[in-house]
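A.B. asks: Below are the structure tokens for one structure; questions will follow.
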Amino acid sequence: MATKYIFVTGGVVSGLGKGITAAAIGCLLKARGLSVRNQKFDPYINVNPALMNPTQHGEIFITEDGAETDLDIGHYERFTDVNLNAESDITSGMIYLDVINRERDGGYHGSTVQVVPHIINEIKSHFYAIADKHDADVVIAEIGGTVGDMEGQPYLEAIRQLSYEAGRENCLFVHVTLLPVVGKSAEVKTKPSQHSVQKLLSSGVQPDVLVCRSEAPLDLAIRKKLAMFCNVPVSRVIANPDCDSVYELPLLFEKAGLANEICRHFGMAEGVTPDLSGWEDLVLHMKKPRTRLKIALIGKYVELQDAYYSVIEALTHAGIYGGYDPDITWLQSEWFETEPYETARERLLEHDAVIAPGGFGNRGMEGLITAAGICRREGIPYFGIGLGMQMAVVEIARHEAGLNEAGSDEADFCGDDIFYYPAGRKSMETTPFSDWHMRAGACTTVFAPDTPLHRIYRTDEAVERHHHRRELNPAYQSQLIAAGLGIGGTDPDKLIVNAVFWPEHPFFIGTLYEPQLISRPTRPHPLFAAFLQAAATRKERS
């Protein structure tokens with residue numbers, strides 16, 4: 001069977017949930033036994049999303065092969081439970097860089113290099129490559145931005161050409177659009193969506209399915225109107241209503257018949273009963289009463305909550321099945337550097353637990369150290385990830401190991417580099433920022449027996465995703481252990497410390513890796529489940 005291609009575009013405004021829609025479609029098709037691969041094409045010129053400020057673009061999602069990708073790749077993985085890689089996140093910067101480098105190397109043999117055909121062909125090559133490499137039944141490609149954006153035109157031309165080359169019967173266009181509600185009468189307006197489809201048609205692309213976001217219910221009259229003026233069958237005008245959780249969307253789409261329409265279009269998996277039992281069980285658990293837990297999230301980028309999207313989702317996953325509702329207080333790490341210690345202490349004592357996710361740069365480090373110290377001394381459950389783990393160890397070094405000038409070589413100054421950039425990697429002084437070596441992607445951690453990590457994971461080792469430059473300096477390891485620091489997990493060679501804990505504490509765990517990246521809605525990560533359980537125990541005792 002020829003690979004089928006689904007292209008998801010967006011109209012009217014940005015932020016309509018194209019990524020969630022593409023992910024939910026992948027979920028429904030996989031539930032029918034089809035193999036799916038999701039892709040995201042972003043029209044910005046940045047080559048590497050990791051160099052974009054998290055407060056502007058949200059978190060960087062790390063794949064198993066260490067690729068630094070857009071947060072939508074996280075949506076795809078969580079909904080389809082398929083581990084993706086670098087080829088699933090493509091930017092215009094990557095496209096143009098590849099074409100320019102090929103031209104510089106003489107790859108075009110002196111031809112005039114232009115947007116058409118060279119840039120368009122480069123875009124198409126990524127659609128074909130992922131299909132060929134993974135022998136996927138369906139490739140679902142989300143086109144970033146909004147129809148009508150100047151920078152998005154090459155992508156619309158590319159999908160138009162691909163539908164001609166692969167055959168219209170093997171391609172399906174899904175357009176996600178907005179139906180605004182205007183006035184006190186709460187009248188649903190279809191005109192913006194009509195204009196959006198007209199703009200798409202001007203690029204040679206006729207949508208096959210309309211996915212309509214609206215606060216109001218989408219009645220049959222509205223669907224018929226959209227069908228008439230957008231040239232789409234009524235059965236393919238699909239409501240995407242506001243719901244309590246994005247994890248309800250696959251079941252809502254299934255009820256609306258979206259996957260059946262897609263299968264009918266492609267002539268595959270028709271009549272197959274999807275196995276959505278896991279999602280049905282998930283939604284059932286979501287509807288049950290849950291205990292509210294006050295969780296303080298201390299970070300460097302709290303101005304934009306999407307900067308910690310996977311952390312929030314991992315807490316949500318653990319809460320659904322544990323019977324907890326994490327109520328998050330967003331605290332800027334720098335706040336702990338300016339407020340009196342007692343004020344900071346009282347603020348954290350108001351919470352059932354504290355989580356400190358990762359980040360880069362020395363801004364806010366001292367605040368993280370202060371917060372970790374309060375949690376350690378006061379018995380507040382603390383979960384440090386990446387930088388949050390590093391600063392917790394620095395706090396122990398300063399106050400338990402007698403290393404008063406302990407810190408990280410990432411800071412402006414510290415006398416003892418507890419965390420350092422290992423020798424043998426590319427020099428940070430002589431290479432550009434983008435070339436600094438990063439320990440990224442899937443790595444194995446071996447857990448020490450009879451430790452909290454071993455008890456929580458219930459296994460001797462696990463594969464987790466990393467995204468960091470610095471590691472615990474071996475020169476200080478024995479001194480820290482003597483001061484009480486517990487080493488919970490290392491790499492298989494026992495050269496790199498991946499996880500630590502503080503003994504005789506309800507929950508004081510730090511991981512150099514990013515466990516939130518492999519948490520799934522129907523399979524919560526054990527560390528997050530244990531963290532919320534510790535928070536609930538504290539709440540019960542207070």
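Naming scheme: A, B, ... for chains in displayed order of the structure tokens; residues 1 onward per chain; ligands 1 onward as shown.
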Taking 5 positions as the minimum chain separation for residues in the same chain, which residues sit within 10 Å of stretch 225-229 of chain A when counting only C-alpha atoms? Answer as an mmCIF file with all heavy atoms, in the first residue's frame.

C.D. replies:
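The resulting file, result26.cif, is reproduced below:
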```cif
data_model
loop_
_atom_site.group_PDB
_atom_site.id
_atom_site.type_symbol
_atom_site.label_atom_id
_atom_site.label_comp_id
_atom_site.auth_asym_id
_atom_site.auth_seq_id
_atom_site.Cartn_x
_atom_site.Cartn_y
_atom_site.Cartn_z
ATOM 1 N N THR A 190 -19.128 32.277 10.374
ATOM 2 C CA THR A 190 -18.373 31.384 9.486
ATOM 3 C C THR A 190 -17.517 32.135 8.469
ATOM 4 O O THR A 190 -16.681 31.524 7.802
ATOM 5 C CB THR A 190 -19.331 30.466 8.707
ATOM 6 O OG1 THR A 190 -20.152 31.263 7.828
ATOM 7 C CG2 THR A 190 -20.217 29.683 9.655
ATOM 8 N N LYS A 191 -17.730 33.458 8.328
ATOM 9 C CA LYS A 191 -17.053 34.194 7.260
ATOM 10 C C LYS A 191 -15.531 34.129 7.348
ATOM 11 O O LYS A 191 -14.856 33.922 6.320
ATOM 12 C CB LYS A 191 -17.506 35.651 7.269
ATOM 13 C CG LYS A 191 -17.078 36.437 6.025
ATOM 14 C CD LYS A 191 -17.784 35.933 4.778
ATOM 15 C CE LYS A 191 -19.252 36.302 4.789
ATOM 16 N NZ LYS A 191 -19.933 35.916 3.535
ATOM 17 N N SER A 193 -13.668 31.749 8.366
ATOM 18 C CA SER A 193 -13.250 30.430 7.885
ATOM 19 C C SER A 193 -13.415 30.319 6.369
ATOM 20 O O SER A 193 -12.575 29.721 5.684
ATOM 21 C CB SER A 193 -14.068 29.329 8.567
ATOM 22 O OG SER A 193 -13.760 29.256 9.939
ATOM 23 N N GLN A 194 -14.497 30.914 5.846
ATOM 24 C CA GLN A 194 -14.685 30.906 4.397
ATOM 25 C C GLN A 194 -13.528 31.611 3.700
ATOM 26 O O GLN A 194 -12.987 31.132 2.695
ATOM 27 C CB GLN A 194 -16.004 31.593 4.033
ATOM 28 C CG GLN A 194 -17.250 30.863 4.505
ATOM 29 C CD GLN A 194 -18.512 31.636 4.155
ATOM 30 O OE1 GLN A 194 -18.652 32.153 3.040
ATOM 31 N NE2 GLN A 194 -19.425 31.737 5.094
ATOM 32 N N HIS A 195 -13.135 32.760 4.243
ATOM 33 C CA HIS A 195 -12.030 33.523 3.641
ATOM 34 C C HIS A 195 -10.712 32.768 3.752
ATOM 35 O O HIS A 195 -9.876 32.808 2.850
ATOM 36 C CB HIS A 195 -11.912 34.893 4.312
ATOM 37 C CG HIS A 195 -13.027 35.813 3.956
ATOM 38 N ND1 HIS A 195 -13.260 37.004 4.628
ATOM 39 C CD2 HIS A 195 -13.991 35.746 2.995
ATOM 40 C CE1 HIS A 195 -14.312 37.606 4.103
ATOM 41 N NE2 HIS A 195 -14.770 36.865 3.112
ATOM 42 N N VAL A 197 -10.350 29.508 3.769
ATOM 43 C CA VAL A 197 -10.369 28.442 2.766
ATOM 44 C C VAL A 197 -10.143 29.017 1.370
ATOM 45 O O VAL A 197 -9.435 28.421 0.539
ATOM 46 C CB VAL A 197 -11.697 27.654 2.838
ATOM 47 C CG1 VAL A 197 -11.834 26.704 1.640
ATOM 48 C CG2 VAL A 197 -11.776 26.868 4.136
ATOM 49 N N GLN A 198 -10.709 30.195 1.100
ATOM 50 C CA GLN A 198 -10.479 30.838 -0.190
ATOM 51 C C GLN A 198 -8.997 31.130 -0.401
ATOM 52 O O GLN A 198 -8.454 30.955 -1.495
ATOM 53 C CB GLN A 198 -11.299 32.120 -0.287
ATOM 54 C CG GLN A 198 -12.796 31.890 -0.446
ATOM 55 C CD GLN A 198 -13.600 33.187 -0.338
ATOM 56 O OE1 GLN A 198 -13.033 34.283 -0.313
ATOM 57 N NE2 GLN A 198 -14.918 33.062 -0.277
ATOM 58 N N VAL A 209 -11.100 18.222 4.807
ATOM 59 C CA VAL A 209 -11.726 18.186 6.128
ATOM 60 C C VAL A 209 -11.552 19.553 6.771
ATOM 61 O O VAL A 209 -10.475 20.159 6.690
ATOM 62 C CB VAL A 209 -11.084 17.103 7.025
ATOM 63 C CG1 VAL A 209 -11.654 17.168 8.434
ATOM 64 C CG2 VAL A 209 -11.269 15.712 6.435
ATOM 65 N N LEU A 210 -12.608 20.037 7.411
ATOM 66 C CA LEU A 210 -12.519 21.251 8.226
ATOM 67 C C LEU A 210 -12.663 20.858 9.690
ATOM 68 O O LEU A 210 -13.627 20.186 10.067
ATOM 69 C CB LEU A 210 -13.632 22.241 7.876
ATOM 70 C CG LEU A 210 -13.584 22.934 6.511
ATOM 71 C CD1 LEU A 210 -14.752 23.919 6.398
ATOM 72 C CD2 LEU A 210 -12.270 23.660 6.300
ATOM 73 N N CYS A 212 -13.155 22.647 13.150
ATOM 74 C CA CYS A 212 -13.611 23.983 13.520
ATOM 75 C C CYS A 212 -13.566 24.214 15.027
ATOM 76 O O CYS A 212 -14.297 23.557 15.786
ATOM 77 C CB CYS A 212 -15.029 24.207 13.010
ATOM 78 S SG CYS A 212 -15.198 23.925 11.235
ATOM 79 N N LEU A 220 -26.002 21.661 13.010
ATOM 80 C CA LEU A 220 -26.036 21.164 11.638
ATOM 81 C C LEU A 220 -26.141 22.306 10.624
ATOM 82 O O LEU A 220 -25.530 22.240 9.544
ATOM 83 C CB LEU A 220 -27.208 20.196 11.464
ATOM 84 C CG LEU A 220 -27.352 19.546 10.086
ATOM 85 C CD1 LEU A 220 -26.098 18.761 9.734
ATOM 86 C CD2 LEU A 220 -28.600 18.640 10.055
ATOM 87 N N VAL A 234 -20.529 17.708 4.339
ATOM 88 C CA VAL A 234 -20.990 18.008 5.696
ATOM 89 C C VAL A 234 -20.378 17.043 6.707
ATOM 90 O O VAL A 234 -20.015 17.428 7.819
ATOM 91 C CB VAL A 234 -22.531 17.943 5.771
ATOM 92 C CG1 VAL A 234 -23.018 18.149 7.199
ATOM 93 C CG2 VAL A 234 -23.155 18.984 4.853
ATOM 94 N N SER A 235 -20.237 15.798 6.310
ATOM 95 C CA SER A 235 -19.687 14.792 7.227
ATOM 96 C C SER A 235 -18.233 15.049 7.571
ATOM 97 O O SER A 235 -17.697 14.461 8.515
ATOM 98 C CB SER A 235 -19.828 13.393 6.614
ATOM 99 O OG SER A 235 -19.126 13.316 5.383
ATOM 100 N N ARG A 236 -17.590 15.929 6.814
ATOM 101 C CA ARG A 236 -16.180 16.245 7.061
ATOM 102 C C ARG A 236 -15.992 17.630 7.675
ATOM 103 O O ARG A 236 -14.867 18.133 7.720
ATOM 104 C CB ARG A 236 -15.382 16.120 5.766
ATOM 105 C CG ARG A 236 -15.323 14.693 5.246
ATOM 106 C CD ARG A 236 -14.424 14.580 4.043
ATOM 107 N NE ARG A 236 -14.369 13.196 3.550
ATOM 108 C CZ ARG A 236 -13.605 12.800 2.522
ATOM 109 N NH1 ARG A 236 -12.843 13.688 1.902
ATOM 110 N NH2 ARG A 236 -13.606 11.537 2.142
ATOM 111 N N VAL A 237 -17.057 18.224 8.103
ATOM 112 C CA VAL A 237 -16.972 19.455 8.900
ATOM 113 C C VAL A 237 -17.056 19.020 10.356
ATOM 114 O O VAL A 237 -18.118 18.656 10.860
ATOM 115 C CB VAL A 237 -18.098 20.442 8.549
ATOM 116 C CG1 VAL A 237 -17.991 21.700 9.416
ATOM 117 C CG2 VAL A 237 -18.042 20.806 7.069
#
```

A.B. asks: Run DSSP on the backbone and tell me which residues of stretch 226-326 of chain A come out as helix (DSSP H, G or I); list them as number ranges by chain.

C.D. replies: A: 226-230, 234-236, 246-256, 258-266, 277-286, 305-322

A.B. asks: Near A:Leu16, within 9 Å and counting only C-alpha atoms, which residues show up once chain neighbours fewer than 4 positions away are dropped, as a PyMOL selection string?

C.D. replies: chain A and resi 10-12+20+176-178+213

A.B. asks: Write the residues you've just listed into a file as an mmCIF file, in the first residue's frame, and include all heavy atoms for each of them.

C.D. replies:
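What follows is the written file out_35.cif:
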```cif
data_model
loop_
_atom_site.group_PDB
_atom_site.id
_atom_site.type_symbol
_atom_site.label_atom_id
_atom_site.label_comp_id
_atom_site.auth_asym_id
_atom_site.auth_seq_id
_atom_site.Cartn_x
_atom_site.Cartn_y
_atom_site.Cartn_z
ATOM 1 N N GLY A 10 -3.561 25.625 9.184
ATOM 2 C CA GLY A 10 -4.367 26.433 10.093
ATOM 3 C C GLY A 10 -4.788 27.738 9.464
ATOM 4 O O GLY A 10 -4.066 28.298 8.627
ATOM 5 N N GLY A 11 -5.966 28.234 9.856
ATOM 6 C CA GLY A 11 -6.461 29.478 9.294
ATOM 7 C C GLY A 11 -7.047 30.408 10.337
ATOM 8 O O GLY A 11 -7.311 30.000 11.467
ATOM 9 N N VAL A 12 -7.235 31.639 9.964
ATOM 10 C CA VAL A 12 -7.844 32.736 10.734
ATOM 11 C C VAL A 12 -6.859 33.296 11.761
ATOM 12 O O VAL A 12 -6.460 34.450 11.692
ATOM 13 C CB VAL A 12 -9.163 32.321 11.414
ATOM 14 C CG1 VAL A 12 -9.787 33.531 12.132
ATOM 15 C CG2 VAL A 12 -10.150 31.754 10.400
ATOM 16 N N ILE A 20 -2.205 19.619 18.338
ATOM 17 C CA ILE A 20 -3.058 18.672 19.062
ATOM 18 C C ILE A 20 -3.954 17.920 18.083
ATOM 19 O O ILE A 20 -4.187 16.712 18.221
ATOM 20 C CB ILE A 20 -3.911 19.410 20.114
ATOM 21 C CG1 ILE A 20 -3.016 20.069 21.173
ATOM 22 C CG2 ILE A 20 -4.903 18.459 20.762
ATOM 23 C CD1 ILE A 20 -2.301 19.089 22.072
ATOM 24 N N VAL A 176 -7.573 23.444 9.968
ATOM 25 C CA VAL A 176 -8.063 23.804 11.302
ATOM 26 C C VAL A 176 -8.354 25.295 11.303
ATOM 27 O O VAL A 176 -7.478 26.110 11.012
ATOM 28 C CB VAL A 176 -7.024 23.459 12.386
ATOM 29 C CG1 VAL A 176 -7.573 23.782 13.775
ATOM 30 C CG2 VAL A 176 -6.630 21.991 12.304
ATOM 31 N N THR A 177 -9.593 25.641 11.645
ATOM 32 C CA THR A 177 -9.990 27.036 11.530
ATOM 33 C C THR A 177 -10.826 27.463 12.735
ATOM 34 O O THR A 177 -11.221 26.637 13.568
ATOM 35 C CB THR A 177 -10.777 27.246 10.214
ATOM 36 O OG1 THR A 177 -11.047 28.634 10.034
ATOM 37 C CG2 THR A 177 -12.075 26.459 10.223
ATOM 38 N N LEU A 178 -11.075 28.751 12.827
ATOM 39 C CA LEU A 178 -11.791 29.323 13.967
ATOM 40 C C LEU A 178 -13.172 29.825 13.555
ATOM 41 O O LEU A 178 -13.323 30.490 12.525
ATOM 42 C CB LEU A 178 -10.982 30.478 14.567
ATOM 43 C CG LEU A 178 -11.640 31.251 15.713
ATOM 44 C CD1 LEU A 178 -11.718 30.378 16.964
ATOM 45 C CD2 LEU A 178 -10.865 32.531 16.017
ATOM 46 N N ARG A 213 -12.721 25.152 15.436
ATOM 47 C CA ARG A 213 -12.671 25.545 16.832
ATOM 48 C C ARG A 213 -13.740 26.585 17.115
ATOM 49 O O ARG A 213 -13.890 27.559 16.375
ATOM 50 C CB ARG A 213 -11.298 26.155 17.176
ATOM 51 C CG ARG A 213 -10.151 25.181 17.222
ATOM 52 C CD ARG A 213 -10.270 24.203 18.364
ATOM 53 N NE ARG A 213 -10.458 24.858 19.650
ATOM 54 C CZ ARG A 213 -9.452 25.275 20.418
ATOM 55 N NH1 ARG A 213 -8.204 25.126 20.024
ATOM 56 N NH2 ARG A 213 -9.700 25.848 21.583
#
```

A.B. asks: Can you tell me how far atom CA of A:Met391 sits from atom CA of A:Arg520, in Å to one decimal?

C.D. replies: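 So the answer is 27.5 Å.
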
A.B. asks: Enumerate the residues of stretch 479-519 of chain A with a DSSP assignment of strand (DSSP E or B), computed from the backbone, and present them as a PyMOL selection string.

C.D. replies: chain A and resi 486-490+497-501+508-511

A.B. asks: Selected residues, all heavy atoms, written as a short mmCIF file (atom, residue, chain, number, x, y, z; two decimals), in the first residue's frame, please.

C.D. replies:
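This went into selection-v3.cif:
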```cif
data_model
loop_
_atom_site.label_atom_id
_atom_site.label_comp_id
_atom_site.auth_asym_id
_atom_site.auth_seq_id
_atom_site.Cartn_x
_atom_site.Cartn_y
_atom_site.Cartn_z
N GLY A 486 23.16 11.04 48.56
CA GLY A 486 22.97 9.69 48.04
C GLY A 486 23.05 9.67 46.53
O GLY A 486 22.45 10.52 45.86
N ILE A 487 23.82 8.75 45.99
CA ILE A 487 23.91 8.58 44.53
C ILE A 487 22.90 7.51 44.14
O ILE A 487 23.05 6.34 44.45
CB ILE A 487 25.33 8.15 44.11
CG1 ILE A 487 26.36 9.16 44.64
CG2 ILE A 487 25.41 8.03 42.60
CD1 ILE A 487 26.17 10.58 44.16
N GLY A 488 21.86 7.93 43.44
CA GLY A 488 20.78 7.01 43.11
C GLY A 488 20.92 6.32 41.78
O GLY A 488 20.41 5.22 41.59
N GLY A 489 21.63 6.95 40.84
CA GLY A 489 21.77 6.35 39.52
C GLY A 489 22.95 6.91 38.77
O GLY A 489 23.27 8.10 38.89
N THR A 490 23.62 6.06 38.02
CA THR A 490 24.78 6.47 37.22
C THR A 490 24.64 5.89 35.82
O THR A 490 23.76 5.08 35.55
CB THR A 490 26.09 5.96 37.84
OG1 THR A 490 26.12 4.52 37.76
CG2 THR A 490 26.23 6.39 39.30
N VAL A 497 27.16 10.71 37.20
CA VAL A 497 26.04 10.63 38.14
C VAL A 497 24.80 11.20 37.46
O VAL A 497 24.78 12.37 37.07
CB VAL A 497 26.35 11.39 39.44
CG1 VAL A 497 25.12 11.43 40.34
CG2 VAL A 497 27.52 10.74 40.16
N ASN A 498 23.76 10.38 37.33
CA ASN A 498 22.53 10.81 36.66
C ASN A 498 21.40 11.15 37.62
O ASN A 498 20.47 11.86 37.24
CB ASN A 498 22.04 9.71 35.72
CG ASN A 498 22.94 9.55 34.51
OD1 ASN A 498 23.62 10.48 34.10
ND2 ASN A 498 22.95 8.35 33.94
N ALA A 499 21.46 10.63 38.86
CA ALA A 499 20.37 10.87 39.80
C ALA A 499 20.92 10.85 41.23
O ALA A 499 21.81 10.06 41.55
CB ALA A 499 19.27 9.84 39.65
N VAL A 500 20.38 11.74 42.06
CA VAL A 500 20.81 11.84 43.46
C VAL A 500 19.58 11.89 44.36
O VAL A 500 18.46 12.11 43.90
CB VAL A 500 21.68 13.09 43.70
CG1 VAL A 500 22.95 13.05 42.86
CG2 VAL A 500 20.89 14.37 43.41
N PHE A 501 19.81 11.72 45.69
CA PHE A 501 18.74 11.84 46.67
C PHE A 501 19.34 12.25 48.00
O PHE A 501 20.56 12.16 48.22
CB PHE A 501 17.96 10.52 46.79
CG PHE A 501 18.77 9.38 47.35
CD1 PHE A 501 18.75 9.08 48.71
CD2 PHE A 501 19.57 8.60 46.51
CE1 PHE A 501 19.50 8.03 49.22
CE2 PHE A 501 20.32 7.54 47.02
CZ PHE A 501 20.29 7.25 48.37
N PHE A 508 13.32 13.82 48.27
CA PHE A 508 14.29 14.82 47.83
C PHE A 508 15.16 14.14 46.78
O PHE A 508 16.16 13.49 47.09
CB PHE A 508 15.14 15.31 49.00
CG PHE A 508 15.91 16.57 48.68
CD1 PHE A 508 15.36 17.81 48.97
CD2 PHE A 508 17.17 16.52 48.10
CE1 PHE A 508 16.06 18.99 48.68
CE2 PHE A 508 17.87 17.68 47.80
CZ PHE A 508 17.32 18.92 48.10
N ILE A 509 14.72 14.28 45.52
CA ILE A 509 15.35 13.58 44.41
C ILE A 509 15.69 14.57 43.31
O ILE A 509 14.92 15.48 43.00
CB ILE A 509 14.42 12.47 43.88
CG1 ILE A 509 14.35 11.32 44.89
CG2 ILE A 509 14.87 11.95 42.51
CD1 ILE A 509 13.39 10.22 44.50
N GLY A 510 16.86 14.36 42.71
CA GLY A 510 17.27 15.16 41.57
C GLY A 510 17.74 14.27 40.44
O GLY A 510 18.41 13.26 40.67
N THR A 511 17.37 14.63 39.24
CA THR A 511 17.80 13.88 38.06
C THR A 511 18.47 14.81 37.06
O THR A 511 17.96 15.91 36.80
CB THR A 511 16.63 13.16 37.37
OG1 THR A 511 15.70 14.13 36.88
CG2 THR A 511 15.94 12.21 38.33
#
```

A.B. asks: So, with only C-alpha atoms as the atoms that count, which of A:Ile123, A:Leu34, A:Ile298, A:Ile481 lies closest to A:Thr3?

C.D. replies: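 Nearest to A:Thr3: A:Leu34.
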
A.B. asks: Which residue is closest to A:Asp65? Choose from A:Asn170, A:Asn85, A:Thr21, A:Ser333 and count only C-alpha atoms.

C.D. replies: A:Asn85

A.B. asks: Of the residues A:Thr451, A:Ser203, A:Thr329, A:Ser519, which is the one nearest to A:Gly74, using only C-alpha atoms?

C.D. replies: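 Using only C-alpha atoms, the shortest distance to A:Gly74 belongs to A:Ser519.
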
A.B. asks: May I have the residues within 10 Å of A:Ala372 as a list of chain:residue names, using only C-alpha atoms and disregarding those fewer than 4 positions away in the same chain?

C.D. replies: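 Residues meeting the cut-off are A:Ile298, A:Val354, A:Ile355, A:Ala356, A:Glu366, A:Gly367, A:Leu368, A:Arg376, A:Arg377, A:Glu378, A:Ile380, A:Pro381, A:Tyr382, A:Phe383, A:Gly384, A:Gly388, A:Met389, A:Met391, A:Ala392, A:Val393, A:Val394, A:Glu395, A:Ile396, A:Phe508.
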
A.B. asks: Determine, counting only C-alpha atoms, which protein, DNA and RNA residues have an atom within 10 Å of an atom of A:Pro274; residues of the same chain fewer than 2 positions away are not included. Present the result as a PDB file with N, CA, C and O atoms, in the first residue's frame.

C.D. replies:
```
ATOM      1  N   CYS A  27      -3.349   9.391  16.811  1.00  0.00           N
ATOM      2  CA  CYS A  27      -3.842   8.472  17.845  1.00  0.00           C
ATOM      3  C   CYS A  27      -4.960   7.589  17.307  1.00  0.00           C
ATOM      4  O   CYS A  27      -4.954   6.366  17.504  1.00  0.00           O
ATOM      5  N   LEU A  28      -5.913   8.180  16.594  1.00  0.00           N
ATOM      6  CA  LEU A  28      -7.067   7.429  16.088  1.00  0.00           C
ATOM      7  C   LEU A  28      -6.677   6.443  14.998  1.00  0.00           C
ATOM      8  O   LEU A  28      -7.212   5.328  14.927  1.00  0.00           O
ATOM      9  N   LEU A  29      -5.731   6.832  14.143  1.00  0.00           N
ATOM     10  CA  LEU A  29      -5.309   5.924  13.077  1.00  0.00           C
ATOM     11  C   LEU A  29      -4.477   4.776  13.641  1.00  0.00           C
ATOM     12  O   LEU A  29      -4.604   3.625  13.198  1.00  0.00           O
ATOM     13  N   LYS A  30      -3.632   5.090  14.616  1.00  0.00           N
ATOM     14  CA  LYS A  30      -2.849   4.022  15.244  1.00  0.00           C
ATOM     15  C   LYS A  30      -3.769   3.036  15.963  1.00  0.00           C
ATOM     16  O   LYS A  30      -3.508   1.831  15.994  1.00  0.00           O
ATOM     17  N   ALA A  31      -4.852   3.542  16.544  1.00  0.00           N
ATOM     18  CA  ALA A  31      -5.807   2.667  17.226  1.00  0.00           C
ATOM     19  C   ALA A  31      -6.488   1.712  16.262  1.00  0.00           C
ATOM     20  O   ALA A  31      -7.098   0.719  16.685  1.00  0.00           O
ATOM     21  N   ARG A  32      -6.371   1.982  14.973  1.00  0.00           N
ATOM     22  CA  ARG A  32      -6.925   1.097  13.948  1.00  0.00           C
ATOM     23  C   ARG A  32      -5.860   0.166  13.372  1.00  0.00           C
ATOM     24  O   ARG A  32      -6.081  -0.475  12.345  1.00  0.00           O
ATOM     25  N   GLY A  33      -4.710   0.139  13.993  1.00  0.00           N
ATOM     26  CA  GLY A  33      -3.654  -0.778  13.569  1.00  0.00           C
ATOM     27  C   GLY A  33      -2.744  -0.242  12.494  1.00  0.00           C
ATOM     28  O   GLY A  33      -1.928  -0.989  11.932  1.00  0.00           O
ATOM     29  N   GLU A 254     -13.428  10.863  17.447  1.00  0.00           N
ATOM     30  CA  GLU A 254     -13.933   9.548  17.066  1.00  0.00           C
ATOM     31  C   GLU A 254     -15.459   9.562  16.990  1.00  0.00           C
ATOM     32  O   GLU A 254     -16.057   9.032  16.034  1.00  0.00           O
ATOM     33  N   ALA A 259     -11.983   9.971  11.987  1.00  0.00           N
ATOM     34  CA  ALA A 259     -11.109   8.899  11.509  1.00  0.00           C
ATOM     35  C   ALA A 259     -11.795   8.048  10.441  1.00  0.00           C
ATOM     36  O   ALA A 259     -11.146   7.603   9.487  1.00  0.00           O
ATOM     37  N   ALA A 269      -8.472   0.452   6.202  1.00  0.00           N
ATOM     38  CA  ALA A 269      -8.936   0.253   7.580  1.00  0.00           C
ATOM     39  C   ALA A 269     -10.406   0.618   7.763  1.00  0.00           C
ATOM     40  O   ALA A 269     -10.824   0.986   8.872  1.00  0.00           O
ATOM     41  N   GLY A 271     -14.154   0.111   8.508  1.00  0.00           N
ATOM     42  CA  GLY A 271     -14.889  -0.860   9.289  1.00  0.00           C
ATOM     43  C   GLY A 271     -14.103  -1.456  10.442  1.00  0.00           C
ATOM     44  O   GLY A 271     -14.646  -2.275  11.195  1.00  0.00           O
ATOM     45  N   VAL A 272     -12.849  -1.064  10.585  1.00  0.00           N
ATOM     46  CA  VAL A 272     -12.026  -1.576  11.690  1.00  0.00           C
ATOM     47  C   VAL A 272     -12.453  -0.893  12.986  1.00  0.00           C
ATOM     48  O   VAL A 272     -12.570   0.332  13.051  1.00  0.00           O
ATOM     49  N   LEU A 276      -9.531   1.942  21.564  1.00  0.00           N
ATOM     50  CA  LEU A 276      -9.362   3.187  22.316  1.00  0.00           C
ATOM     51  C   LEU A 276      -9.622   2.967  23.802  1.00  0.00           C
ATOM     52  O   LEU A 276      -9.936   3.915  24.531  1.00  0.00           O
ATOM     53  N   SER A 277      -9.477   1.723  24.239  1.00  0.00           N
ATOM     54  CA  SER A 277      -9.776   1.404  25.638  1.00  0.00           C
ATOM     55  C   SER A 277      -8.899   2.186  26.601  1.00  0.00           C
ATOM     56  O   SER A 277      -9.345   2.614  27.668  1.00  0.00           O
TER      57      SER A 277
END
```

A.B. asks: Rounded to one decimal place, report the atom CA of A:Gly144-atom CA of A:Ile6 distance in Å.

C.D. replies: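 The value is 14.0 Å.
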
A.B. asks: Find the residues near A:Glu122: any atom within 12 Å, counting only C-alpha atoms, skip ones fewer than 6 places away on the same chain, and give them as number ranges by chain.

C.D. replies: A: 90-100, 102, 113-116, 128-129, 154-155, 157-159, 162

A.B. asks: So the first atom is atom CA of A:Glu350 and the second is atom CA of A:Ser542; what is the distance between them in Å, to one decimal place?

C.D. replies: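 So the two atoms, atom CA of A:Glu350 and atom CA of A:Ser542, lie 10.1 Å apart.
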
A.B. asks: Measuring between only C-alpha atoms, which one of A:Ala440, A:Val36, A:Ile119, A:Val82 shows the shortest distance to A:Asp135?

C.D. replies: A:Val36

A.B. asks: Compare A:Ala307, A:Cys443, A:Ile518, A:Ile73 by their minimum atom-to-atom distance to A:His57, counting only C-alpha atoms, and give me the closest one.

C.D. replies: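 Comparing A:Ala307, A:Cys443, A:Ile518, A:Ile73 against A:His57, the winner is A:Ala307.
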